[in-house]
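K.L.:
Dropping a structure here in structure tokens format, bear with me for questions.
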Amino acid sequence: MKFTLSWLHDHLDTEAALEEIVERLTLIGLEVEALSDPAETFANFEVAEIIATEPHPEADRLQICTVKSGGGEQKLVCGAPNARAGLIGILAQQGAVIPSNGMVLGKAKIRGVTSNGMMCSGAELGLSDDHDGIIELQDAPKIGTPAAEALGLADPMIEIGITPNRPDCLGVRGIARDLAASGLGTLKDDKAAPIKADKKAGPAIAVDSDACPVFAGCYIEGVTNAPSPAWLQARLKAIGLNPINALVDITNYISYDRGRPLHVYDADKLSGTVRARAAEKGESFVALDDATYELTPNDCVIADDKGVLGLGGIMGGLASGSTLETKNVLVESAWFDPVSIALSGRHHNIESDARYRFERGVDPASVESGLNLAVQMIVEICGGTVHAPQIGGAVPESDKIVSFAPARVQQLTGLDIAESEMQAVLEKLGFGVTTGKSWRISVPSWRPDIDADTNGADIVEEIVRIHGLDEVPATPLPQRDGVAKPTLTLAQRRAALMRRALAARGLIEAVTWSFISAAQAKAFHVAEGLQLANPISSELSHMRPSLLPGLMAAAARNRDRGAQSINLFELGHEFKAATPGAQRFAAAGLRAGLAAPKNWRGAAHNVDAYQARADAEAALAACGVATDGLQVLPIPEDSGIDWYHPGRSGVLARNPREPMAVFGELHPALLKQFDIDVAAAAFEVWPDAVPAPKDNSAIARAALALSNLQSLSRDFAFEVAGDTKAADMVRAAQAADKKLISQVRVFDVFAGGNLPDGMKSVALEVTLQPRDKTLTDAEIEAVAENVTANVEKATGGKLRG
């Protein structure tokens, strides 16, 4: 919300300096975000007159000007074509900062002639695009007058941040009310007088929509629309609005002055009754932004007998808008339901000052006062004959009463504030106060944020912010005895542990968008309903069903920059459907390119599925999973996960119906789609699939069993069918003696040679760890026989000789 200091003074009678006003605004909850003071911007700029000129001896296009300023006469070099004796303009002295480029002006020699200062153009002052000549002041202000004053810019602009619960401060008068309540002056009386009609009512007005309970209008004939007065244009320009014409500028001014959006129709373009109604299916209109909007029955429109005039409370129509040729007008002042405005604005993606105010809550009582002020200003500036105003519907009742116990202030804030001060603060803010054992507070119509169901907490907030939040004592929270309980949830702890484990394996954490492109969405089978209605970019149009698209896009960008080895991981949410709860937390990683570069010990080799599996197991181990008990299963066909290489991927699970992770090399077709020209392997882990530990698991742990006896190993080579899974062989060997066998490892796989077709040789290393005594040869042989028998039984193979 922007406004100028003089604008504030229209509503607030105060002697406070600018610095005090700015500080008080922040203290009462209206945080100042920006302050622009032209007096500071144009420091070291003043009015000066060129009293003589002479040609530059070394340059045909330059002149040496003798300039008279407040400090006397000085010479400077000037190249402006309009520089002449008698011209009065703006002089920048040494040390001035030129607004257009930030250059600090100093004494300089130009073609051998010393130049003291510079006569400025409108472009250099940041006031126009005119670079061709010196700015000329028409009213001949006094020599030496500060530039800001001479240019009519000596009015600081203040910008404050407005929270959604304070729509009353979207008008300068609401801000002035808060400052007056804080003791920084007195709120001036409202200047809006009731409408004095010269003729009977104009076009009929009606209300046929719940979204617009009241619609007031006033017909004025014979207006003269023209550019706005200088004071009005200056105020609009100061807050960043472009003046258009007097009628439009008046409505824009009142929108910022009172927080009351209005609209002016060219009455000669209207037909029949003007009404607020629901849009009909198939209707459309061209808005003031030149865009055509297709309407729905959920939209509230203003229409006449011919059709739609505008989208109520959001934007008017181009066809019925006022122009410089407009002679007769209908001024609209209505109140629209905030929820209806918000839904329509979002549906049509229209941003406007009217929507911004109505969806936060415009004062319903301002329908009449806003219309009065608009008519008053139009008649003063544009003339015209006023017809009697008409009102369709009724202003919504806003007689909200809040019960309040003054003791709540002490209970909630620790401040001891006198009841008389509480009452004075509330009354200055516009609340009605009936004292007693329990106070009855009537809430003003411009404060929709005050809730009667907060047990007086909203009233306490009003009192304390005006009294001074800086007065609230800083009181430490009581400390409990003993060790504090953990504050992180299980999911948060697991995320931190996975992040550490993956980083320890050489992966770099990435943070990518939660949105992906349509092409990526198709490749990863995005569920219906996950397309964004208003994407911030065409490349970010869908919610991601997996973390991999973002990681693959990042890998592609790194490859484009010559990266040979890419190792990334990310933790975040993936989205499976457009329903509540259809998202899950995941950890994913991607390795692309070289696993190890070429060196003197061997050739370079690419990443593969085994690295991805190791990464996935590391993440699961960080979540407390015993990875030696996991099964490696093929990815189910009905899982929808088809972005991995079908023969070089798998699922990690204890229960086949509840996979914990998936890993493997990425499908070549998918890599081609993402423009990745090297091998890539990835994994996805779902920590929510890992069962939570038992409550006493952190205490009741198995005893650490270490043996002081030497371990020993035996090698076995089995001839088995080519489709036999090595994991089945490992489990069978492990089951031969779970007490003595500490590890089973595959160390060789061989096919071809003397082996029959369709057969392969798999070699296992079995490690035995004695616990109580050294094993005898007979005991070792017995274990070896059991290993052989178990593997042969499980696989149908045989021990090779």
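In the structure tokens, each chain is lettered A, B, ... as it comes, each chain's residues begin at 1, and ligands are numbered from 1 in order of appearance.
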How close does region 544-576 of chain A get to region 599-620 of chain A? List, as a tab-separated table, each residue of region 544-576 of chain A within 12 Å, its nearest atom pair and the distance in Å to one decimal, counting only C-alpha atoms.
P.N.:
```
residue	atom	partner	partner_atom	distance
A:Gln564	CA	A:Asn606	CA	10.0
A:Ser565	CA	A:Asn606	CA	8.9
A:Ile566	CA	A:Val607	CA	9.8
A:Asn567	CA	A:Val607	CA	9.9
A:Leu568	CA	A:Asp615	CA	11.1
A:Phe569	CA	A:Asp615	CA	9.9
A:Glu570	CA	A:Ala619	CA	11.7
A:Leu571	CA	A:Ala619	CA	11.0
```
K.L.:
Just list as a PyMOL selection string whatever in region 54-205 of chain A DSSP marks as helix (DSSP H, G or I).
P.N.:
chain A and resi 147-150+167-170+172-181
K.L.:
Grab the residues selected above and save them as a compact mmCIF listing (two decimals), in the first residue's frame with all heavy atoms.
P.N.:
```txt
# COMPACT_ATOMS: atom_id res chain seq x y z
N ALA A 147 15.32 21.73 -5.94
CA ALA A 147 14.70 21.16 -7.13
C ALA A 147 13.41 20.42 -6.81
O ALA A 147 12.43 20.51 -7.57
CB ALA A 147 15.69 20.23 -7.83
N ALA A 148 13.39 19.65 -5.72
CA ALA A 148 12.19 18.89 -5.38
C ALA A 148 10.99 19.81 -5.20
O ALA A 148 9.88 19.51 -5.65
CB ALA A 148 12.43 18.07 -4.11
N GLU A 149 11.22 20.95 -4.58
CA GLU A 149 10.13 21.91 -4.37
C GLU A 149 9.71 22.55 -5.68
O GLU A 149 8.52 22.69 -5.97
CB GLU A 149 10.58 22.98 -3.38
CG GLU A 149 9.54 24.03 -3.07
CD GLU A 149 10.04 25.08 -2.09
OE1 GLU A 149 11.00 24.79 -1.34
OE2 GLU A 149 9.48 26.19 -2.08
N ALA A 150 10.67 22.93 -6.51
CA ALA A 150 10.36 23.58 -7.77
C ALA A 150 9.63 22.64 -8.73
O ALA A 150 8.79 23.07 -9.52
CB ALA A 150 11.63 24.10 -8.41
N PRO A 167 -7.79 -5.30 5.75
CA PRO A 167 -8.26 -4.61 4.54
C PRO A 167 -8.61 -3.15 4.79
O PRO A 167 -8.64 -2.35 3.86
CB PRO A 167 -9.49 -5.41 4.12
CG PRO A 167 -9.98 -6.04 5.39
CD PRO A 167 -8.73 -6.36 6.17
N ASP A 168 -8.87 -2.79 6.06
CA ASP A 168 -9.21 -1.40 6.37
C ASP A 168 -8.03 -0.46 6.10
O ASP A 168 -8.23 0.75 5.90
CB ASP A 168 -9.66 -1.27 7.82
CG ASP A 168 -8.60 -1.76 8.80
OD1 ASP A 168 -8.14 -2.91 8.65
OD2 ASP A 168 -8.23 -0.99 9.71
N CYS A 169 -6.82 -1.00 6.09
CA CYS A 169 -5.64 -0.17 5.84
C CYS A 169 -5.21 -0.19 4.38
O CYS A 169 -4.10 0.22 4.04
CB CYS A 169 -4.49 -0.61 6.75
SG CYS A 169 -4.75 -0.16 8.47
N LEU A 170 -6.10 -0.67 3.50
CA LEU A 170 -5.87 -0.54 2.07
C LEU A 170 -6.39 0.80 1.56
O LEU A 170 -6.50 1.02 0.36
CB LEU A 170 -6.53 -1.69 1.31
CG LEU A 170 -5.85 -3.05 1.51
CD1 LEU A 170 -6.65 -4.16 0.87
CD2 LEU A 170 -4.43 -3.04 0.95
N VAL A 172 -5.97 5.18 2.66
CA VAL A 172 -5.17 6.10 3.48
C VAL A 172 -5.93 6.46 4.76
O VAL A 172 -5.32 6.62 5.81
CB VAL A 172 -4.82 7.36 2.67
CG1 VAL A 172 -4.03 8.34 3.53
CG2 VAL A 172 -4.03 6.99 1.43
N ARG A 173 -7.25 6.55 4.68
CA ARG A 173 -8.01 6.93 5.88
C ARG A 173 -7.88 5.88 6.98
O ARG A 173 -7.79 6.21 8.16
CB ARG A 173 -9.47 7.17 5.53
CG ARG A 173 -10.27 7.73 6.71
CD ARG A 173 -11.60 8.31 6.29
NE ARG A 173 -12.29 8.89 7.44
CZ ARG A 173 -12.06 10.10 7.93
NH1 ARG A 173 -11.15 10.87 7.36
NH2 ARG A 173 -12.72 10.55 8.98
N GLY A 174 -7.86 4.62 6.62
CA GLY A 174 -7.68 3.57 7.62
C GLY A 174 -6.33 3.65 8.30
O GLY A 174 -6.20 3.41 9.51
N ILE A 175 -5.30 4.00 7.53
CA ILE A 175 -3.96 4.15 8.11
C ILE A 175 -3.94 5.34 9.06
O ILE A 175 -3.37 5.27 10.16
CB ILE A 175 -2.93 4.33 6.98
CG1 ILE A 175 -2.91 3.08 6.08
CG2 ILE A 175 -1.54 4.60 7.54
CD1 ILE A 175 -2.16 3.28 4.79
N ALA A 176 -4.58 6.44 8.63
CA ALA A 176 -4.64 7.62 9.48
C ALA A 176 -5.39 7.32 10.79
O ALA A 176 -5.01 7.81 11.86
CB ALA A 176 -5.34 8.75 8.73
N ARG A 177 -6.42 6.49 10.72
CA ARG A 177 -7.18 6.13 11.93
C ARG A 177 -6.29 5.40 12.93
O ARG A 177 -6.32 5.68 14.14
CB ARG A 177 -8.37 5.25 11.55
CG ARG A 177 -9.25 4.87 12.75
CD ARG A 177 -10.31 3.87 12.36
NE ARG A 177 -11.23 4.39 11.38
CZ ARG A 177 -11.31 3.99 10.12
NH1 ARG A 177 -10.47 3.03 9.69
NH2 ARG A 177 -12.16 4.50 9.29
N ASP A 178 -5.48 4.46 12.44
CA ASP A 178 -4.57 3.73 13.34
C ASP A 178 -3.54 4.67 13.96
O ASP A 178 -3.22 4.56 15.14
CB ASP A 178 -3.87 2.62 12.56
CG ASP A 178 -4.64 1.31 12.60
OD1 ASP A 178 -5.86 1.36 12.87
OD2 ASP A 178 -4.04 0.25 12.37
N LEU A 179 -2.98 5.58 13.16
CA LEU A 179 -1.99 6.52 13.70
C LEU A 179 -2.61 7.44 14.74
O LEU A 179 -2.00 7.74 15.77
CB LEU A 179 -1.37 7.33 12.56
CG LEU A 179 -0.39 6.59 11.65
CD1 LEU A 179 -0.03 7.43 10.45
CD2 LEU A 179 0.87 6.19 12.42
N ALA A 180 -3.84 7.90 14.49
CA ALA A 180 -4.52 8.75 15.45
C ALA A 180 -4.78 8.00 16.75
O ALA A 180 -4.62 8.55 17.85
CB ALA A 180 -5.83 9.27 14.85
N ALA A 181 -5.17 6.74 16.66
CA ALA A 181 -5.41 5.94 17.86
C ALA A 181 -4.14 5.75 18.67
O ALA A 181 -4.20 5.61 19.90
CB ALA A 181 -5.99 4.59 17.46
```
K.L.:
Just how far from CA of Ser369 (chain A) is CA of Phe285 (chain A), in Å to one decimal?
P.N.:
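Atom-to-atom, CA of Phe285 (chain A) to CA of Ser369 (chain A), that is 29.6 Å.
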K.L.:
So that I can check the surroundings of Cys300 (chain A), please list as a list in words every protein, DNA and RNA residue that reaches within 10 Å of it, counting only C-alpha atoms and ignoring chain neighbours fewer than 5 positions away.
P.N.:
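Neighbouring residues, sequence-local ones excluded: Asp208, Ser209, Asp210, Ala211, Cys212, Ala276, Arg277, Ala278, Ala279, Glu280, Leu295, Gly310, Leu311, Gly312, Gly313, Ile314, Phe336, Asp337, Ser340, Ile341 and Ser344 of chain A.
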K.L.:
Would you list, as a ChimeraX atom specification, the residues of region 3-143 of chain A that end up in strand (DSSP E or B) under DSSP run on this structure's backbone?
P.N.:
/A:3-4,12-13,32-36,45-56,59-69,72-78,88-92,97,104,108-110,113-115,118-119,121,134
K.L.:
With only C-alpha atoms as the basis for distance, which of A:Thr66, A:Asn655, A:Ser366, A:Ser514 is at the shortest distance from Pro444 (chain A)?
P.N.:
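Under the stated criterion, the closest residue is A:Ser366.
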K.L.:
Using only C-alpha atoms, which of the listed residues (A:Gly152, A:Pro99, A:Gly801, A:Pro57) sits closest to Ser6 (chain A)?
P.N.:
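Between A:Gly152, A:Pro99, A:Gly801, A:Pro57, the residue approaching Ser6 (chain A) most closely is A:Gly152.
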K.L.:
Report, in Å with one decimal, the straight-line distance from CA of Leu764 (chain A) to CA of Met729 (chain A).
P.N.:
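Interatomic distance here is 8.5 Å.
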